[in-house]
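*Asks:* What follows is run28.tsv, made up of TSV, C-alpha atoms:
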chain	number	residue	atom	x	y	z
K	1	MET	CA	0.00	0.00	0.00
K	2	TYR	CA	1.31	3.42	-0.97
K	3	CYS	CA	0.51	6.90	0.27
K	4	ASN	CA	-1.02	8.74	-2.67
K	5	HIS	CA	0.46	12.04	-1.47
K	6	CYS	CA	4.14	11.19	-0.97
K	7	ALA	CA	4.32	7.62	-2.45
K	8	LYS	CA	5.73	6.12	0.77
K	9	LYS	CA	5.27	2.38	0.86
K	10	ILE	CA	3.33	1.33	3.94
K	11	ASP	CA	3.77	-2.17	5.34
K	12	GLU	CA	0.26	-3.14	6.35
K	13	LYS	CA	1.39	-5.90	8.72
K	14	LYS	CA	3.49	-3.53	10.82
K	15	VAL	CA	0.75	-0.96	11.00
K	16	GLU	CA	-1.91	-3.49	12.04
K	17	ALA	CA	-0.37	-3.63	15.51
K	18	LYS	CA	-0.69	0.14	15.85
K	19	LYS	CA	-4.21	0.10	14.45
K	20	LEU	CA	-5.61	-1.15	17.73
K	21	GLU	CA	-4.25	1.93	19.49
K	22	THR	CA	-5.92	4.27	17.02
K	23	GLU	CA	-9.20	2.37	16.69
K	24	GLN	CA	-11.26	5.41	17.69
K	25	PHE	CA	-9.75	7.58	14.94
K	26	PHE	CA	-10.38	5.01	12.24
K	27	SER	CA	-13.96	4.39	13.31
K	28	LYS	CA	-14.74	8.00	12.32
K	29	ALA	CA	-13.41	7.57	8.76
K	30	LYS	CA	-14.68	4.24	7.45
K	31	ASP	CA	-12.84	4.22	4.12
K	32	THR	CA	-9.55	5.36	5.64
K	33	LEU	CA	-7.17	2.63	6.72
K	34	TYR	CA	-3.91	4.25	7.71
K	35	VAL	CA	-2.15	7.53	8.34
K	36	CYS	CA	1.10	8.01	6.42
K	37	PRO	CA	4.06	8.19	8.82
K	38	ARG	CA	5.99	10.48	6.45
K	39	CYS	CA	3.45	13.15	5.53
K	40	GLY	CA	0.45	12.49	7.81
K	41	HIS	CA	-2.11	12.20	5.02
K	42	LEU	CA	-4.88	9.62	5.18
K	43	ILE	CA	-4.39	6.49	3.09
K	44	LYS	CA	-7.37	4.57	1.80
K	45	LYS	CA	-8.07	1.68	-0.51
K	46	GLY	CA	-9.87	2.12	-3.78
K	47	LEU	CA	-8.21	5.23	-5.16
K	48	ASN	CA	-10.09	7.32	-7.70
K	49	GLU	CA	-8.51	8.70	-10.89
K	50	VAL	CA	-7.33	11.96	-9.32
K	51	GLU	CA	-5.67	10.13	-6.43
K	52	VAL	CA	-3.95	7.71	-8.83
K	53	LYS	CA	-2.57	10.70	-10.77
K	54	GLU	CA	-1.36	12.21	-7.50
K	55	LEU	CA	0.32	8.89	-6.62
K	56	SER	CA	1.91	8.79	-10.08
K	57	ALA	CA	3.33	12.29	-9.65
K	58	ALA	CA	4.71	11.37	-6.23
K	59	ALA	CA	6.23	8.17	-7.66
K	60	HIS	CA	7.92	10.21	-10.40
K	61	ALA	CA	9.38	12.45	-7.69
K	62	GLU	CA	10.67	9.36	-5.86
K	63	VAL	CA	12.29	8.09	-9.09
K	64	HIS	CA	13.97	11.47	-9.43
K	65	THR	CA	15.21	11.19	-5.83
K	66	ALA	CA	16.49	7.69	-6.59
K	67	ARG	CA	18.43	9.01	-9.57
K	68	ASN	CA	19.95	11.66	-7.30
K	69	ASN	CA	20.97	8.89	-4.90
K	70	LEU	CA	22.57	6.97	-7.77
K	71	ASN	CA	24.47	10.08	-8.85
K	72	ARG	CA	25.59	10.70	-5.27
K	73	GLY	CA	26.87	7.14	-5.13
K	74	LYS	CA	28.72	7.42	-8.45
K	75	SER	CA	30.38	10.62	-7.27
K	76	GLY	CA	31.39	8.97	-4.01
K	77	ILE	CA	32.92	6.04	-5.86
K	78	ALA	CA	34.86	8.35	-8.19
K	79	ILE	CA	36.14	10.58	-5.38
K	80	GLY	CA	36.99	7.55	-3.25
K	81	ALA	CA	38.95	5.95	-6.09
K	82	ILE	CA	40.88	9.19	-6.64
K	83	LEU	CA	41.72	9.46	-2.93
K	84	LEU	CA	42.86	5.83	-2.87
K	85	ALA	CA	45.10	6.40	-5.91
K	86	ILE	CA	46.67	9.47	-4.29
K	87	SER	CA	47.14	7.57	-1.02
K	88	PHE	CA	48.95	4.80	-2.92
K	89	MET	CA	51.33	7.43	-4.33
K	90	PHE	CA	52.05	8.73	-0.83
K	91	PHE	CA	52.57	5.14	0.34
K	92	LEU	CA	55.23	4.70	-2.35
K	93	MET	CA	56.84	8.00	-1.33
K	94	SER	CA	57.14	6.76	2.27
K	95	PHE	CA	59.80	4.25	1.16
K	96	LYS	CA	62.91	6.35	1.77
K	97	ALA	CA	66.22	5.88	-0.01
K	98	THR	CA	68.05	7.18	3.06
K	99	ALA	CA	66.64	4.25	5.03
K	100	GLY	CA	67.87	1.71	2.50
K	101	GLY	CA	64.60	1.62	0.51
K	102	SER	CA	62.53	0.45	3.47
K	103	LEU	CA	59.23	1.80	4.72
K	104	VAL	CA	59.52	4.71	7.16
K	105	THR	CA	56.37	5.02	9.27
K	106	ASN	CA	57.24	8.22	11.11
K	107	CYS	CA	57.54	10.50	8.07
K	108	LEU	CA	54.96	12.99	6.81
K	109	GLU	CA	54.27	10.98	3.63
K	110	PHE	CA	53.16	7.95	5.65
K	111	PHE	CA	50.79	10.04	7.78
K	112	VAL	CA	49.26	11.58	4.65
K	113	PHE	CA	48.89	8.04	3.24
K	114	ALA	CA	47.09	6.87	6.38
K	115	ILE	CA	44.69	9.82	6.34
K	116	LEU	CA	43.97	9.56	2.61
K	117	ILE	CA	43.38	5.81	2.65
K	118	THR	CA	40.96	6.21	5.55
K	119	LEU	CA	39.05	9.00	3.81
K	120	GLY	CA	39.16	7.18	0.47
K	121	LEU	CA	37.73	3.96	1.88
K	122	ALA	CA	35.04	5.85	3.80
K	123	VAL	CA	33.94	7.80	0.71
K	124	LEU	CA	34.09	4.64	-1.42
K	125	ILE	CA	31.87	2.74	1.02
K	126	PHE	CA	29.54	5.75	1.19
K	127	GLY	CA	29.26	5.68	-2.60
K	128	ILE	CA	28.56	1.97	-2.76
K	129	VAL	CA	25.82	2.24	-0.12
K	130	TRP	CA	24.13	5.11	-1.99
K	131	ILE	CA	24.33	3.15	-5.25
K	132	PHE	CA	22.41	0.27	-3.65
K	133	ILE	CA	19.88	2.60	-2.01
K	134	GLY	CA	19.27	4.46	-5.26
K	135	PHE	CA	19.04	1.30	-7.35
K	136	ASN	CA	16.52	-0.37	-5.03
K	137	ARG	CA	14.42	2.77	-4.74
K	138	LYS	CA	14.43	3.35	-8.49
K	139	LYS	CA	13.47	-0.27	-9.17
K	140	GLU	CA	10.59	-0.14	-6.68
K	141	TYR	CA	9.04	3.10	-7.93
K	142	GLU	CA	9.55	2.34	-11.62
K	143	GLY	CA	7.65	-0.90	-10.97
K	144	LEU	CA	4.88	1.12	-9.33
K	145	LEU	CA	4.74	3.49	-12.31
K	146	LYS	CA	4.59	0.53	-14.69
K	147	GLU	CA	1.65	-0.91	-12.74
K	148	ILE	CA	-0.11	2.46	-12.84
K	149	GLN	CA	0.52	2.82	-16.57
K	150	ASP	CA	-0.71	-0.71	-17.31
K	151	GLU	CA	-3.73	-0.03	-15.07
K	152	THR	CA	-2.94	-3.10	-12.94
K	153	PHE	CA	-2.26	-1.12	-9.75
K	154	VAL	CA	-4.51	-2.04	-6.86
K	155	GLN	CA	-4.19	-0.23	-3.54
Here is a file; write its structure as structure tokens.

*Replies:*
Amino acid sequence: MYCNHCAKKIDEKKVEAKKLETEQFFSKAKDTLYVCPRCGHLIKKGLNEVEVKELSAAAHAEVHTARNNLNRGKSGIAIGAILLAISFMFFLMSFKATAGGSLVTNCLEFFVFAILITLGLAVLIFGIVWIFIGFNRKKEYEGLLKEIQDETFVQ
């Protein structure tokens, strides 16, 4: 079930437990089943044509947000890869010729390497997480839009 105002997917099983607490509110509105936790609008079954169009517009906005998440993830991966490449260069510079070609861990180059590899891995992981979030969100709402377009959507 989706909120026709903001297109938030509502898990009916989780909300059923809370429905007992709000039994008095729902007895006043017979066709209303739930209140959206994101926007507070009333959600009902059996949407009319105007409400389906409103849901479609909200789903398009969610697809746009998902594309922004994908772009944020791609940027994070690119920046993380650049930081990791630069950190590798500083790691190679921390091998000093004056120490016989061995790794010197108390020089400035090694500290820069440690900082850059930490930042690079964090940004890379951030990017990968946002890629998965964006991909799953885009897949879900494009499926919803396909159901609405094929007129197979049932609330």

*Asks:* Using 8 Å of padding on each side, determine the axis-aligned box around all atoms of stretch 31-45 of chain K present in the file and give its centre and edge lengths in Å to one decimal, as JSON.

*Replies:*
{"center_x": -3.4, "center_y": 7.4, "center_z": 4.2, "size_x": 34.8, "size_y": 27.5, "size_z": 25.3}

*Asks:* Kindly extract all protein, DNA and RNA residues lying within 12 Å of the coordinates (3.0, 6.7, -2.5) given in the file, considering all atoms listed in the file, and supply them as number ranges by chain.

*Replies:* K: 1-11, 36-39, 41-44, 47, 51-63, 140-141, 144-145, 148, 153, 155

*Asks:* Using all atoms listed in the file, which of K:Leu70, K:Gly120, K:Tyr34, K:Val104 sits nearest K:Leu92?

*Replies:*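 Among the listed residues, K:Val104 lies closest to K:Leu92.
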
*Asks:* Have a look at K:Leu121, K:Cys107, K:Phe95, K:Gly101 and name the one nearest to K:Ala78; count only C-alpha atoms.

*Replies:*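 Counting only C-alpha atoms, the residue closest to K:Ala78 is K:Leu121.
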
*Asks:* Env of K:Leu116: 10 Å cut, atoms = all atoms listed in the file, seq-sep filter 5 positions within chain, self excluded. Answer as a ChimeraX atom specification.

*Replies:* /K:80,82-88,90-91,110-111,121-122

*Asks:* What's the separation between atom CA of K:Phe135 and atom CA of K:Asn69, in Å to one decimal place?

*Replies:* 8.2 Å

*Asks:* How many Å lie between atom CA of K:Ala66 and atom CA of K:Lys45, rounded to one decimal?

*Replies:* 26.0 Å

*Asks:* Find the distance between atom CA of K:Lys139 and atom CA of K:Arg67 and write it in Å to one decimal.

*Replies:* 10.5 Å
